[in-house]
Amino acid sequence: MIPLRLKVDADAVDPYVVRLRSFEGMPGPPGNFDYLDAALETADGENALFTGATGNLRVFGVDPSEVDGDIVFVVPSRKIAHRLIRANSQHNTLLITERCDQLCVMCSQPPKKHHVDMFPFFETAVFLAPENSTIGLSGGEPTLFKSELFEFLRETMERRRDIDFHILTNAQHFDRADLAKLRDLDLSRILWGVPVYSSVGAIHDHIVGKPGAFDRVRKNLSILCEAGAKIELRTVLIKPNAPGLLDLAKFVAVALPFIDTWAIMQLENIGYGRQNWDSLFFDSSQGFDLVGRALDFSISRGINTELYNFPLCTVPAEYRAFAPSTISDWKRAYVKGCADCSLRSKCGGFFEWHPRVHGYGRFGVA
Ligand code: SF4
């Protein structure tokens, strides 16, 4: 797995954001060297010394070329640096908060009560991000800090007009008063990922652990639509909602035809997803007819529909075009049977933490 935390030793006392630059093979820092950069001074097999306006930063256990251009959040007192934005990755996500007002049965990142305001650090990180990046914002629930989030988006999008955002939100906290603020943003550069798990309010509410959540998300999806937002509807496929997937497809086609994408997602074996695995994991390789019928219906109604996190060989050949590789690079893994697979270059494989006995009855390319 690609490490997202580095062991460091820093001169500074307070936390800060800096971009690491190795300039390997170059005579010295080029013209675009920023005051928020730290340049590589020396490196041996064990550590690399970077220097910049914030003083010396010694990074342990990495080849400097692997972190060149990375934007890290250094916490000197804990001797760690979080790789907020990795220069060579398309999968950079900033965790806005660990608080959430829902408690989904399959939550991969169970909520916590405490909150640390990271917006100022994230702003700096986005200013330094590589050109034309798409940056994910997630939680917890980012819109619990809606005013700060809008301000963050306004600032960063104004200053970095080449950068797009993908924001995961339960959409519980919008109201009509937000329309003006939403319209102030360039909404063509933001994709809002919003979970809807069932067309039956009681089932959705049970899955997210919040009475009334379905009615609210429905209402607020309309507000997002009215504002002109791009929406990626997200449905994690689990035993409680799998039998109703076709009904959900019909609901999407009738009530939410304005969405950009409907993503049907396989379950991640971490957090509550791991705790509740046996009661939740739906073996779509054996029960693909439920998925196939929903997919056929939504595609026939012009809804762009995709399967996220489905190993390709668990999907019938005629549906594989709908299953892009979606698992982030740092948490993607393949199992023993993948070694000689002809589909591997297109397949997203498994989450690193997926059980070794992966649970798919149909596996491997026939
Ligand atoms: S065998 Fe592995 S690489 Fe091949 S399709 Fe299945 S999961 Fe993907």
# chains A, B, ... in the order shown; residues from 1 in each chain; ligands from 1
$ select_by_dssp --residues "segment 21-217 of chain A" --states "alpha helix (DSSP H)" --output "number ranges by chain"
A: 64-67, 119-128, 146-159, 179-184, 201-208, 213-217
$ residues_near_ligand --ligand "ligand 1" --cutoff "6 Å" --atoms "only C-alpha atoms and all ligand atoms" --output "list in words"
Pro311, Leu312, Cys313, Tyr334, Gly337, Cys338, Cys341, Leu343, Arg344, Cys347, Gly349 and Gly364 of chain A
$ closest_residue --among "A:Tyr308, A:Phe152, A:Phe363, A:Tyr197" --to "Thr326 of chain A" --atoms "only C-alpha atoms"
A:Tyr308
$ closest_residue --among "A:Leu144, A:Ala129, A:Ile238, A:Leu149" --to "Cys104 of chain A" --atoms "only C-alpha atoms"
A:Ile238
$ closest_atom_pairs --of "segment 6-117 of chain A" --to "segment 211-216 of chain A" --cutoff "12 Å" --atoms "only C-alpha atoms" --output "JSON lines"
{"residue": "A:Asp101", "atom": "CA", "partner": "A:Ala213", "partner_atom": "CA", "distance": 9.9}
{"residue": "A:Gln102", "atom": "CA", "partner": "A:Ala213", "partner_atom": "CA", "distance": 8.5}
{"residue": "A:Leu103", "atom": "CA", "partner": "A:Pro211", "partner_atom": "CA", "distance": 10.9}
{"residue": "A:Cys104", "atom": "CA", "partner": "A:Ala213", "partner_atom": "CA", "distance": 11.2}
$ write_last_selection --atoms "all heavy atoms" --output "tab-separated table (two decimals), in the first residue's frame"
chain	number	residue	atom	x	y	z
A	101	ASP	N	-23.57	13.46	10.87
A	101	ASP	CA	-24.89	13.39	11.49
A	101	ASP	C	-25.62	12.11	11.11
A	101	ASP	O	-26.75	11.90	11.52
A	101	ASP	CB	-25.73	14.61	11.09
A	101	ASP	CG	-25.81	14.73	9.58
A	101	ASP	OD1	-24.74	14.76	8.93
A	101	ASP	OD2	-26.91	14.78	9.04
A	102	GLN	N	-24.99	11.28	10.27
A	102	GLN	CA	-25.57	9.98	9.94
A	102	GLN	C	-24.67	8.89	10.54
A	102	GLN	O	-23.55	9.17	10.99
A	102	GLN	CB	-25.69	9.80	8.43
A	102	GLN	CG	-26.63	10.83	7.79
A	102	GLN	CD	-27.02	10.52	6.35
A	102	GLN	OE1	-28.03	10.99	5.88
A	102	GLN	NE2	-26.20	9.75	5.65
A	103	LEU	N	-25.17	7.67	10.52
A	103	LEU	CA	-24.38	6.55	11.04
A	103	LEU	C	-24.67	5.34	10.15
A	103	LEU	O	-25.42	4.45	10.53
A	103	LEU	CB	-24.78	6.27	12.50
A	103	LEU	CG	-23.73	5.56	13.37
A	103	LEU	CD1	-22.44	6.36	13.44
A	103	LEU	CD2	-24.29	5.32	14.76
A	104	CYS	N	-24.07	5.37	8.96
A	104	CYS	CA	-24.39	4.36	7.96
A	104	CYS	C	-23.87	2.99	8.40
A	104	CYS	O	-22.77	2.88	8.95
A	104	CYS	CB	-23.78	4.73	6.62
A	104	CYS	SG	-24.42	6.30	5.99
$ select_by_dssp --residues "segment 29-155 of chain A" --states "strand (DSSP E)" --output "NGL selection string"
:A and (37-43 or 47-52 or 55-60 or 71-75 or 80-85 or 92-95 or 134-138)
$ closest_residue --among "A:Ile2, A:Val315, A:Ala333, A:Val196" --to "Gly348 of chain A" --atoms "only C-alpha atoms"
A:Ala333
$ closest_residue --among "A:His82, A:Lys113, A:Leu20, A:Tyr35" --to "Asp70 of chain A" --atoms "only C-alpha atoms"
A:Leu20
$ closest_residue --among "A:Ser345, A:Asn170, A:Thr314, A:Ser300" --to "Asn220 of chain A" --atoms "only C-alpha atoms"
A:Asn170
$ atom_distance --atom1 "atom CA of Arg183 of chain A" --atom2 "atom CA of Gly139 of chain A"
23.2 Å
$ closest_residue --among "A:Leu237, A:Leu224, A:Leu94, A:Cys100" --to "Ile167 of chain A" --atoms "only C-alpha atoms"
A:Leu94
$ residues_around --residues "segment 115-128 of chain A" --least-positions-apart "6" --cutoff "7 Å" --atoms "only C-alpha atoms" --output "list of chain:residue names"
A:Val17, A:Ile71, A:Ile96, A:Thr97, A:Glu98, A:Arg99, A:Phe152, A:Thr156, A:Arg160
$ write_last_selection --atoms "N, CA and C atoms" --output "mmCIF file, in the first residue's frame"
data_model
loop_
_atom_site.group_PDB
_atom_site.id
_atom_site.type_symbol
_atom_site.label_atom_id
_atom_site.label_comp_id
_atom_site.auth_asym_id
_atom_site.auth_seq_id
_atom_site.Cartn_x
_atom_site.Cartn_y
_atom_site.Cartn_z
ATOM 1 N N VAL A 17 2.152 23.504 6.108
ATOM 2 C CA VAL A 17 2.047 22.812 4.825
ATOM 3 C C VAL A 17 3.240 23.209 3.967
ATOM 4 N N ILE A 71 2.563 17.560 -1.609
ATOM 5 C CA ILE A 71 2.260 18.625 -0.650
ATOM 6 C C ILE A 71 1.908 17.942 0.667
ATOM 7 N N ILE A 96 -12.321 16.730 5.437
ATOM 8 C CA ILE A 96 -12.750 18.011 6.015
ATOM 9 C C ILE A 96 -13.073 17.869 7.497
ATOM 10 N N THR A 97 -13.746 16.787 7.840
ATOM 11 C CA THR A 97 -14.100 16.568 9.260
ATOM 12 C C THR A 97 -14.382 15.093 9.467
ATOM 13 N N GLU A 98 -14.251 14.656 10.707
ATOM 14 C CA GLU A 98 -14.636 13.273 11.035
ATOM 15 C C GLU A 98 -16.017 13.227 11.679
ATOM 16 N N ARG A 99 -16.639 14.396 11.835
ATOM 17 C CA ARG A 99 -17.998 14.406 12.382
ATOM 18 C C ARG A 99 -19.009 14.070 11.296
ATOM 19 N N PHE A 152 -14.048 28.264 1.509
ATOM 20 C CA PHE A 152 -12.880 27.538 1.009
ATOM 21 C C PHE A 152 -12.980 27.337 -0.510
ATOM 22 N N THR A 156 -10.363 29.059 -3.172
ATOM 23 C CA THR A 156 -9.448 28.213 -3.938
ATOM 24 C C THR A 156 -9.802 28.193 -5.423
ATOM 25 N N ARG A 160 -7.239 29.220 -8.142
ATOM 26 C CA ARG A 160 -6.767 28.121 -8.998
ATOM 27 C C ARG A 160 -7.885 27.707 -9.952
#
$ residues_around --residues "segment 61-68 of chain A" --least-positions-apart "6" --cutoff "6 Å" --atoms "only C-alpha atoms" --output "mmCIF file with C-alpha atoms, in the first residue's frame"
data_model
loop_
_atom_site.group_PDB
_atom_site.id
_atom_site.type_symbol
_atom_site.label_atom_id
_atom_site.label_comp_id
_atom_site.auth_asym_id
_atom_site.auth_seq_id
_atom_site.Cartn_x
_atom_site.Cartn_y
_atom_site.Cartn_z
ATOM 1 C CA LEU A 20 8.672 18.798 -1.294
ATOM 2 C CA ARG A 21 10.910 19.355 -4.310
ATOM 3 C CA SER A 22 13.809 17.114 -5.180
ATOM 4 C CA GLU A 46 17.653 6.224 5.249
ATOM 5 C CA ASN A 47 16.486 9.805 5.104
#
$ atom_distance --atom1 "atom CA of Ile264 of chain A" --atom2 "atom CA of Lys112 of chain A"
26.6 Å
$ closest_atom_pairs --of "segment 144-259 of chain A" --to "segment 271-289 of chain A" --cutoff "12 Å" --atoms "only C-alpha atoms" --output "Markdown table"
| residue | atom | partner | partner_atom | distance |
| --- | --- | --- | --- | --- |
| A:Ile207 | CA | A:Leu280 | CA | 10.4 |
| A:Val208 | CA | A:Tyr272 | CA | 11.7 |
| A:Val236 | CA | A:Phe282 | CA | 10.0 |
| A:Leu237 | CA | A:Phe282 | CA | 6.8 |
| A:Ile238 | CA | A:Leu280 | CA | 5.0 |
| A:Lys239 | CA | A:Leu280 | CA | 5.0 |
| A:Pro240 | CA | A:Leu280 | CA | 7.0 |
| A:Asn241 | CA | A:Leu280 | CA | 9.4 |
| A:Ala242 | CA | A:Phe282 | CA | 7.4 |
| A:Pro243 | CA | A:Gly287 | CA | 9.8 |
| A:Leu245 | CA | A:Asp289 | CA | 10.4 |
| A:Leu246 | CA | A:Asp289 | CA | 10.1 |
$ atom_distance --atom1 "atom CA of Arg176 of chain A" --atom2 "atom CA of Ile223 of chain A"
6.6 Å
